[in-house]
Amino acid sequence: MKPPPLEHHAPGTVADALSLLAALEDARVLAGGQSLVPLLNFRLARPAHLVDVNRLDELAGVAERDGGVAVGATVRQADAERHPLLRERCPLVPLALRHVAHHVVRNRGTVCGSLAHADPAAELPAVLLALGGHVVARSVRGERVIEAADLFLGAFETALAPDELIVEAWFPAHAAADAALVEETRRHGDFAMAGVARWRDRLALFGVAPTPVLWDRGRRLEPSADLEASAEFKRHLVEVLVERAMAAPEAAPASAVPLERPPRRAGFSVNGVARAAPGSGRRLLSDYLRGELGLTGTHVGCEHGVCGCCTVLLDGRPVRSCLLLAVQAEGHEVTTIEGLAPDGAALHPVQQAFHECHGLQCGFCTPGFVLAVTGLLAERPEPSDAEIDEGIAGNLCRCTGYASIRRSVRRAAELLA
């Protein structure tokens with residue numbers, strides 16, 4: 001459950017990144033890493049090199065262009081979900097992002113990374129196809145535009161060459177009334193058994209084939225069966241979802257405060273203290289915190305981003321420390337559970353609320369819950385019940401203490417008011 005031996009590269013410019021991709025054999029691009037790092041941990045992917053593009057601020061923009069909106073390669077899904085330009089001009093993108101995993105994952109995942117990963121059950125590839133958008137791929141050989149219809153070749157397979165980098169995704173502008181996204185999952189945040197992205201009468205299906213496909217009512221759909229559902233059930237599910245997608249459009253998400261990207265700092269900082277660099281470029285942030293810094297309050301569970309017990313704050317945002325390489329924390333401020341009440345200080349209000357409301361039993365999941373809730377309340381000081389449920393949905397409690405945890409969140413909001 002650890003990444004294989006590899007070499008981490010952190011180029012400072014797009015030109016440097018393209019040069020590395022052209023020169024290195026068996027290299028993969030690392031952006032959000034929320035899909036790639038689990039593959040590394042499972043040893044399902046074994047690249048010799050990672051080209052980390054997270055320092056390329058020139059790819060972090062969202063801009064109106066050519067009758068649509070261009071989203072840069074390092075734009076986080078959480079930022080895109082809240083971006084006023086996308087919400088106004090391309091509302092199907094924020095609507096779809098509400099269905100992508102959980103907010104802790106969206107804090108690191110990128111829009112372009114999801115497109116490059118090409119998961120058959122992912123929402124964003126279907127959105128790009130439904131809207132007729134494209135990506136811009138760049139290499140040392142030049143730049144080319146790849147239309148959505150030509151981008152996805154198979155499950156986790158795209159038309160990108162090994163030396164190409166998606167520098168932006170472009171989505172045509174559209175009205176909210178013309179767009180909808182519906183899907184069926186076992187619970188919010190899970191991969192879809194089937195889903196439909198709609199723009200006007202153009203519908204793209206996902207979760208039913210190796211790639212997103214356009215709906216053709218005159219042609220019999222032959223969906224792919226999987227562990228979740230049979231082909232027959234998926235065929236029925238698609239018919240139901242198509243009817244829902246063609247009905248009244250989904251309500252627009254509530255207004256959200258755009259998240260700010262803080263300036264990059266020098267070196268490594270954890271709980272406000274400068275720290276030495278990690279001993280290995282492939283070491284996970286969770287292992288760096290526990291093994292090298294002795295901060296064992298960060299617990300390790302699944303190591304593929306599902307349980308949430310390794311959650312920490314990165315520049316105030318909750319993230320999965322098992323889905324980040326420690327070297328990616330350079331220039332950022334990491335806060336662990338030890339940092340909320342350092343050196344025997346009074347409990348942080350969220351910790352105090354969990355204590356008062358008995359929001360913990362065995363305690364294994366508690367640090368991750370506390371930090372996830374801390375990030376939630378920093379963004380939404382007075383969360384609704386639905387926002388609380390969504391805020392903690394990415395964390396699993398093995399003792400089934402969710403009712404007490406919900407009470408703890410409400411009490412923490414009172415203490416922080």
# chains A, B, ... in the order shown; residues from 1 in each chain; ligands from 1
$ select_by_dssp --residues "segment 211-413 of chain A" --states "strand (DSSP E or B)" --output "JSON, numbers by chain"
{"A": [213, 214, 268, 269, 270, 273, 274, 275, 284, 311, 312, 313, 314, 317, 318, 319, 320, 325, 333, 334, 335]}
$ closest_atom_pairs --of "segment 290-381 of chain A" --to "segment 53-72 of chain A" --cutoff "10 Å" --atoms "only C-alpha atoms" --output "Markdown table"
| residue | atom | partner | partner_atom | distance |
| --- | --- | --- | --- | --- |
| A:Gln328 | CA | A:Asn54 | CA | 7.9 |
| A:Glu330 | CA | A:Arg55 | CA | 10.0 |
| A:Gly331 | CA | A:Arg55 | CA | 9.5 |
$ write_last_selection --atoms "N, CA and C atoms" --output "short mmCIF file (atom, residue, chain, number, x, y, z; two decimals), in the first residue's frame"
data_model
loop_
_atom_site.label_atom_id
_atom_site.label_comp_id
_atom_site.auth_asym_id
_atom_site.auth_seq_id
_atom_site.Cartn_x
_atom_site.Cartn_y
_atom_site.Cartn_z
N GLN A 328 4.89 17.09 -2.02
CA GLN A 328 3.89 18.03 -2.52
C GLN A 328 3.48 19.06 -1.46
N GLU A 330 5.57 20.83 0.20
CA GLU A 330 6.56 21.91 0.24
C GLU A 330 5.90 23.22 -0.19
N GLY A 331 6.12 24.26 0.59
CA GLY A 331 5.53 25.55 0.29
C GLY A 331 4.15 25.76 0.85
#
$ select_by_dssp --residues "segment 148-351 of chain A" --states "helix (DSSP H, G or I)" --output "NGL selection string"
:A and (148-151 or 176-178 or 231-246 or 285-292 or 321-323 or 326-329 or 337-339 or 342-344 or 349-351)
$ write_last_selection --atoms "N, CA and C atoms" --output "short mmCIF file (atom, residue, chain, number, x, y, z; two decimals), in the first residue's frame"
data_model
loop_
_atom_site.label_atom_id
_atom_site.label_comp_id
_atom_site.auth_asym_id
_atom_site.auth_seq_id
_atom_site.Cartn_x
_atom_site.Cartn_y
_atom_site.Cartn_z
N ALA A 148 -13.70 16.41 -27.55
CA ALA A 148 -14.14 15.41 -26.58
C ALA A 148 -14.47 14.08 -27.26
N ALA A 149 -15.07 14.15 -28.44
CA ALA A 149 -15.44 12.91 -29.15
C ALA A 149 -14.23 12.09 -29.55
N ASP A 150 -13.05 12.71 -29.62
CA ASP A 150 -11.83 12.01 -30.02
C ASP A 150 -10.89 11.72 -28.87
N LEU A 151 -11.20 12.26 -27.69
CA LEU A 151 -10.26 12.17 -26.57
C LEU A 151 -10.28 10.81 -25.88
N ALA A 176 -28.30 27.55 -17.68
CA ALA A 176 -28.59 26.56 -16.64
C ALA A 176 -29.84 25.75 -16.98
N ALA A 177 -30.81 26.39 -17.62
CA ALA A 177 -32.06 25.70 -17.95
C ALA A 177 -31.86 24.59 -18.98
N ASP A 178 -30.74 24.64 -19.71
CA ASP A 178 -30.48 23.65 -20.76
C ASP A 178 -29.61 22.49 -20.26
N ALA A 231 -25.90 -5.87 -16.80
CA ALA A 231 -26.15 -5.07 -18.00
C ALA A 231 -27.63 -4.76 -18.14
N GLU A 232 -28.50 -5.72 -17.83
CA GLU A 232 -29.94 -5.50 -17.92
C GLU A 232 -30.40 -4.41 -16.96
N PHE A 233 -29.89 -4.46 -15.72
CA PHE A 233 -30.28 -3.43 -14.76
C PHE A 233 -29.78 -2.06 -15.20
N LYS A 234 -28.57 -1.99 -15.73
CA LYS A 234 -28.05 -0.70 -16.17
C LYS A 234 -28.85 -0.16 -17.35
N ARG A 235 -29.30 -1.04 -18.22
CA ARG A 235 -30.11 -0.58 -19.35
C ARG A 235 -31.40 0.06 -18.85
N HIS A 236 -32.03 -0.57 -17.87
CA HIS A 236 -33.24 0.00 -17.27
C HIS A 236 -32.91 1.30 -16.55
N LEU A 237 -31.79 1.32 -15.84
CA LEU A 237 -31.40 2.51 -15.08
C LEU A 237 -31.17 3.69 -16.01
N VAL A 238 -30.55 3.46 -17.14
CA VAL A 238 -30.29 4.54 -18.09
C VAL A 238 -31.61 5.14 -18.59
N GLU A 239 -32.59 4.30 -18.88
CA GLU A 239 -33.87 4.81 -19.35
C GLU A 239 -34.52 5.71 -18.30
N VAL A 240 -34.43 5.31 -17.04
CA VAL A 240 -35.00 6.13 -15.97
C VAL A 240 -34.23 7.44 -15.82
N LEU A 241 -32.91 7.37 -15.87
CA LEU A 241 -32.10 8.57 -15.70
C LEU A 241 -32.26 9.53 -16.86
N VAL A 242 -32.44 9.02 -18.06
CA VAL A 242 -32.67 9.89 -19.21
C VAL A 242 -33.97 10.67 -19.02
N GLU A 243 -35.01 10.01 -18.53
CA GLU A 243 -36.28 10.71 -18.26
C GLU A 243 -36.08 11.79 -17.22
N ARG A 244 -35.32 11.50 -16.18
CA ARG A 244 -35.07 12.50 -15.14
C ARG A 244 -34.25 13.67 -15.69
N ALA A 245 -33.26 13.36 -16.51
CA ALA A 245 -32.42 14.42 -17.06
C ALA A 245 -33.20 15.34 -17.99
N MET A 246 -34.20 14.80 -18.69
CA MET A 246 -34.98 15.61 -19.61
C MET A 246 -36.09 16.39 -18.91
N LEU A 285 2.50 11.64 2.47
CA LEU A 285 2.45 12.66 3.52
C LEU A 285 2.08 12.03 4.86
N SER A 286 1.16 11.07 4.86
CA SER A 286 0.76 10.41 6.11
C SER A 286 1.96 9.72 6.76
N ASP A 287 2.81 9.06 5.99
CA ASP A 287 3.98 8.39 6.54
C ASP A 287 5.05 9.38 6.98
N TYR A 288 5.18 10.47 6.28
CA TYR A 288 6.11 11.53 6.68
C TYR A 288 5.72 12.10 8.04
N LEU A 289 4.44 12.38 8.22
CA LEU A 289 3.97 12.94 9.48
C LEU A 289 4.16 11.96 10.63
N ARG A 290 3.84 10.71 10.39
CA ARG A 290 3.91 9.71 11.46
C ARG A 290 5.34 9.21 11.69
N GLY A 291 6.00 8.81 10.61
CA GLY A 291 7.29 8.15 10.76
C GLY A 291 8.46 9.08 10.94
N GLU A 292 8.45 10.22 10.26
CA GLU A 292 9.60 11.14 10.33
C GLU A 292 9.40 12.25 11.35
N SER A 321 -4.11 12.77 3.56
CA SER A 321 -2.65 12.73 3.57
C SER A 321 -2.11 11.44 2.97
N CYS A 322 -2.97 10.41 2.79
CA CYS A 322 -2.51 9.18 2.13
C CYS A 322 -2.55 9.32 0.62
N LEU A 323 -3.13 10.39 0.11
CA LEU A 323 -3.20 10.61 -1.33
C LEU A 323 -2.30 11.74 -1.80
N ALA A 326 4.63 13.45 0.27
CA ALA A 326 5.09 14.45 1.23
C ALA A 326 5.75 15.64 0.53
N VAL A 327 6.45 15.39 -0.58
CA VAL A 327 7.14 16.48 -1.28
C VAL A 327 6.15 17.49 -1.83
N GLN A 328 4.89 17.09 -2.02
CA GLN A 328 3.89 18.03 -2.52
C GLN A 328 3.48 19.06 -1.46
N ALA A 329 3.83 18.81 -0.20
CA ALA A 329 3.49 19.76 0.86
C ALA A 329 4.50 20.89 0.97
N ILE A 337 -3.84 17.03 13.81
CA ILE A 337 -4.66 17.12 15.02
C ILE A 337 -3.86 17.69 16.18
N GLU A 338 -2.55 17.42 16.21
CA GLU A 338 -1.71 17.97 17.28
C GLU A 338 -1.63 19.49 17.21
N GLY A 339 -1.82 20.04 16.02
CA GLY A 339 -1.70 21.48 15.85
C GLY A 339 -2.92 22.27 16.29
N PRO A 342 -1.93 22.78 20.64
CA PRO A 342 -0.53 22.40 20.86
C PRO A 342 -0.08 22.58 22.31
N ASP A 343 0.85 21.72 22.73
CA ASP A 343 1.52 21.87 24.02
C ASP A 343 0.56 21.98 25.19
N GLY A 344 -0.47 21.14 25.18
CA GLY A 344 -1.37 21.11 26.33
C GLY A 344 -2.30 22.30 26.44
N PRO A 349 -12.23 24.50 19.69
CA PRO A 349 -13.69 24.39 19.80
C PRO A 349 -14.27 23.14 19.17
N VAL A 350 -13.71 22.68 18.05
CA VAL A 350 -14.24 21.47 17.44
C VAL A 350 -13.93 20.26 18.33
N GLN A 351 -12.73 20.21 18.88
CA GLN A 351 -12.41 19.13 19.81
C GLN A 351 -13.31 19.18 21.04
#
$ residues_around --residues "segment 28-37 of chain A" --least-positions-apart "3" --cutoff "7 Å" --atoms "only C-alpha atoms" --output "ChimeraX atom specification"
/A:40-41,47,49-54,74,105,108-110,113,323-324
$ write_last_selection --atoms "C-alpha atoms" --output "PDB file, in the first residue's frame"
ATOM      1  CA  LEU A  40       0.538   3.899  -7.033  1.00  0.00           C
ATOM      2  CA  ASN A  41      -0.333   2.676  -3.547  1.00  0.00           C
ATOM      3  CA  PRO A  47       5.890   4.767 -13.501  1.00  0.00           C
ATOM      4  CA  HIS A  49       9.058   9.171 -13.013  1.00  0.00           C
ATOM      5  CA  LEU A  50       6.404  11.612 -11.828  1.00  0.00           C
ATOM      6  CA  VAL A  51       6.310  15.079 -13.378  1.00  0.00           C
ATOM      7  CA  ASP A  52       4.582  17.193 -10.722  1.00  0.00           C
ATOM      8  CA  VAL A  53       2.849  20.211 -12.327  1.00  0.00           C
ATOM      9  CA  ASN A  54       1.441  21.680  -9.112  1.00  0.00           C
ATOM     10  CA  THR A  74      -3.975  22.868 -12.056  1.00  0.00           C
ATOM     11  CA  VAL A 105     -11.026  14.892  -2.479  1.00  0.00           C
ATOM     12  CA  ARG A 108      -6.938  18.425  -4.359  1.00  0.00           C
ATOM     13  CA  GLY A 109      -8.400  16.830  -7.484  1.00  0.00           C
ATOM     14  CA  THR A 110      -8.205  18.807 -10.728  1.00  0.00           C
ATOM     15  CA  GLY A 113      -6.735  15.471 -14.225  1.00  0.00           C
ATOM     16  CA  LEU A 323      -3.205  10.615  -1.328  1.00  0.00           C
ATOM     17  CA  LEU A 324      -0.404  13.184  -1.283  1.00  0.00           C
TER      18      LEU A 324
END
$ residues_around --residues "Cys357 of chain A" --least-positions-apart "6" --cutoff "10 Å" --atoms "only C-alpha atoms" --output "list in words"
Ala403, Ser404, Ile405, Arg406, Arg407, Ser408, Val409, Arg410, Arg411 and Ala412 of chain A
$ write_last_selection --atoms "N, CA and C atoms" --output "PDB file, in the first residue's frame"
ATOM      1  N   ALA A 403     -24.706  10.045  14.555  1.00  0.00           N
ATOM      2  CA  ALA A 403     -25.662  10.962  15.187  1.00  0.00           C
ATOM      3  C   ALA A 403     -24.938  11.874  16.166  1.00  0.00           C
ATOM      4  N   SER A 404     -24.049  11.316  16.973  1.00  0.00           N
ATOM      5  CA  SER A 404     -23.279  12.128  17.918  1.00  0.00           C
ATOM      6  C   SER A 404     -22.312  13.058  17.193  1.00  0.00           C
ATOM      7  N   ILE A 405     -21.775  12.594  16.078  1.00  0.00           N
ATOM      8  CA  ILE A 405     -20.857  13.443  15.312  1.00  0.00           C
ATOM      9  C   ILE A 405     -21.609  14.628  14.722  1.00  0.00           C
ATOM     10  N   ARG A 406     -22.826  14.404  14.223  1.00  0.00           N
ATOM     11  CA  ARG A 406     -23.620  15.524  13.709  1.00  0.00           C
ATOM     12  C   ARG A 406     -23.900  16.532  14.815  1.00  0.00           C
ATOM     13  N   ARG A 407     -24.247  16.049  16.000  1.00  0.00           N
ATOM     14  CA  ARG A 407     -24.471  16.969  17.123  1.00  0.00           C
ATOM     15  C   ARG A 407     -23.192  17.729  17.459  1.00  0.00           C
ATOM     16  N   SER A 408     -22.068  17.060  17.341  1.00  0.00           N
ATOM     17  CA  SER A 408     -20.790  17.711  17.615  1.00  0.00           C
ATOM     18  C   SER A 408     -20.518  18.844  16.631  1.00  0.00           C
ATOM     19  N   VAL A 409     -20.875  18.637  15.369  1.00  0.00           N
ATOM     20  CA  VAL A 409     -20.665  19.689  14.370  1.00  0.00           C
ATOM     21  C   VAL A 409     -21.525  20.907  14.696  1.00  0.00           C
ATOM     22  N   ARG A 410     -22.780  20.667  15.047  1.00  0.00           N
ATOM     23  CA  ARG A 410     -23.656  21.797  15.388  1.00  0.00           C
ATOM     24  C   ARG A 410     -23.142  22.537  16.620  1.00  0.00           C
ATOM     25  N   ARG A 411     -22.669  21.781  17.604  1.00  0.00           N
ATOM     26  CA  ARG A 411     -22.137  22.414  18.823  1.00  0.00           C
ATOM     27  C   ARG A 411     -20.850  23.179  18.511  1.00  0.00           C
ATOM     28  N   ALA A 412     -20.007  22.634  17.645  1.00  0.00           N
ATOM     29  CA  ALA A 412     -18.782  23.330  17.264  1.00  0.00           C
ATOM     30  C   ALA A 412     -19.084  24.651  16.572  1.00  0.00           C
TER      31      ALA A 412
END
$ atom_distance --atom1 "atom CA of Pro125 of chain A" --atom2 "atom CA of Phe156 of chain A"
11.1 Å
$ residues_around --residues "Ala80 of chain A" --least-positions-apart "4" --cutoff "9 Å" --atoms "only C-alpha atoms" --output "PyMOL selection string"
chain A and resi 62+71+75-76+84-87+93-94+97+110-111+258
$ write_last_selection --atoms "N, CA and C atoms" --output "PDB file, in the first residue's frame"
ATOM      1  N   VAL A  62      -8.802  30.392 -14.728  1.00  0.00           N
ATOM      2  CA  VAL A  62     -10.103  30.147 -15.346  1.00  0.00           C
ATOM      3  C   VAL A  62     -10.450  31.408 -16.125  1.00  0.00           C
ATOM      4  N   VAL A  71     -10.451  26.151 -18.509  1.00  0.00           N
ATOM      5  CA  VAL A  71     -10.036  25.796 -17.149  1.00  0.00           C
ATOM      6  C   VAL A  71      -8.631  25.228 -17.213  1.00  0.00           C
ATOM      7  N   VAL A  75      -6.232  23.779 -11.899  1.00  0.00           N
ATOM      8  CA  VAL A  75      -7.399  24.296 -11.182  1.00  0.00           C
ATOM      9  C   VAL A  75      -8.049  23.156 -10.403  1.00  0.00           C
ATOM     10  N   ARG A  76      -8.163  23.328  -9.081  1.00  0.00           N
ATOM     11  CA  ARG A  76      -8.767  22.301  -8.237  1.00  0.00           C
ATOM     12  C   ARG A  76     -10.266  22.208  -8.503  1.00  0.00           C
ATOM     13  N   PRO A  84     -17.092  31.870  -9.893  1.00  0.00           N
ATOM     14  CA  PRO A  84     -18.257  32.618 -10.390  1.00  0.00           C
ATOM     15  C   PRO A  84     -18.410  32.577 -11.904  1.00  0.00           C
ATOM     16  N   LEU A  85     -17.315  32.529 -12.638  1.00  0.00           N
ATOM     17  CA  LEU A  85     -17.412  32.505 -14.095  1.00  0.00           C
ATOM     18  C   LEU A  85     -18.003  31.184 -14.580  1.00  0.00           C
ATOM     19  N   LEU A  86     -17.574  30.081 -14.001  1.00  0.00           N
ATOM     20  CA  LEU A  86     -18.137  28.791 -14.387  1.00  0.00           C
ATOM     21  C   LEU A  86     -19.594  28.683 -13.953  1.00  0.00           C
ATOM     22  N   ARG A  87     -19.923  29.180 -12.781  1.00  0.00           N
ATOM     23  CA  ARG A  87     -21.295  29.099 -12.294  1.00  0.00           C
ATOM     24  C   ARG A  87     -22.239  29.921 -13.169  1.00  0.00           C
ATOM     25  N   VAL A  93     -20.797  22.402 -15.307  1.00  0.00           N
ATOM     26  CA  VAL A  93     -19.536  21.970 -14.692  1.00  0.00           C
ATOM     27  C   VAL A  93     -19.631  21.990 -13.172  1.00  0.00           C
ATOM     28  N   PRO A  94     -20.040  23.095 -12.537  1.00  0.00           N
ATOM     29  CA  PRO A  94     -20.215  23.046 -11.075  1.00  0.00           C
ATOM     30  C   PRO A  94     -21.259  22.033 -10.622  1.00  0.00           C
ATOM     31  N   LEU A  97     -19.557  18.745 -10.608  1.00  0.00           N
ATOM     32  CA  LEU A  97     -18.538  18.638  -9.575  1.00  0.00           C
ATOM     33  C   LEU A  97     -19.133  18.344  -8.202  1.00  0.00           C
ATOM     34  N   THR A 110      -8.128  17.771  -9.708  1.00  0.00           N
ATOM     35  CA  THR A 110      -8.205  18.807 -10.728  1.00  0.00           C
ATOM     36  C   THR A 110      -9.196  18.415 -11.823  1.00  0.00           C
ATOM     37  N   VAL A 111      -9.736  19.423 -12.484  1.00  0.00           N
ATOM     38  CA  VAL A 111     -10.678  19.188 -13.579  1.00  0.00           C
ATOM     39  C   VAL A 111      -9.982  18.457 -14.722  1.00  0.00           C
ATOM     40  N   PRO A 258     -15.701  31.795  -2.957  1.00  0.00           N
ATOM     41  CA  PRO A 258     -14.545  31.231  -3.665  1.00  0.00           C
ATOM     42  C   PRO A 258     -13.393  30.981  -2.703  1.00  0.00           C
TER      43      PRO A 258
END
$ closest_residue --among "A:Asp201, A:Glu88, A:Asn271, A:Glu184" --to "Glu228 of chain A" --atoms "only C-alpha atoms"
A:Glu184
$ residues_around --residues "segment 373-385 of chain A" --least-positions-apart "2" --cutoff "8 Å" --atoms "only C-alpha atoms" --output "list in words"
Val257, Leu313, Gly316, Arg317, Pro318, Val350, Phe369, Val370, Leu371, Glu387, Ile388, Asp389, Gly391, Ile392, Val409, Ala413, Leu416 and Ala417 of chain A
$ atom_distance --atom1 "atom CA of His117 of chain A" --atom2 "atom CA of Val334 of chain A"
27.1 Å
$ closest_residue --among "A:His174, A:His358, A:Arg283, A:His8" --to "Leu20 of chain A" --atoms "only C-alpha atoms"
A:His8
$ atom_distance --atom1 "atom CA of Tyr402 of chain A" --atom2 "atom CA of Gly359 of chain A"
7.7 Å
$ closest_residue --among "A:Ala274, A:Pro210, A:Leu165, A:Gly195" --to "Val135 of chain A" --atoms "only C-alpha atoms"
A:Leu165
$ closest_residue --among "A:Gly368, A:Gly154, A:Pro263, A:Pro162" --to "Leu24 of chain A" --atoms "only C-alpha atoms"
A:Pro162
$ residues_around --residues "Leu396 of chain A" --least-positions-apart "4" --cutoff "8 Å" --atoms "only C-alpha atoms" --output "ChimeraX atom specification"
/A:306-309,365
$ closest_residue --among "A:Ala155, A:Leu360, A:Val273, A:Leu18" --to "Glu143 of chain A" --atoms "only C-alpha atoms"
A:Leu18
$ closest_residue --among "A:Ala353, A:Ala204, A:Ala27, A:Leu21" --to "Ala130 of chain A" --atoms "only C-alpha atoms"
A:Ala204
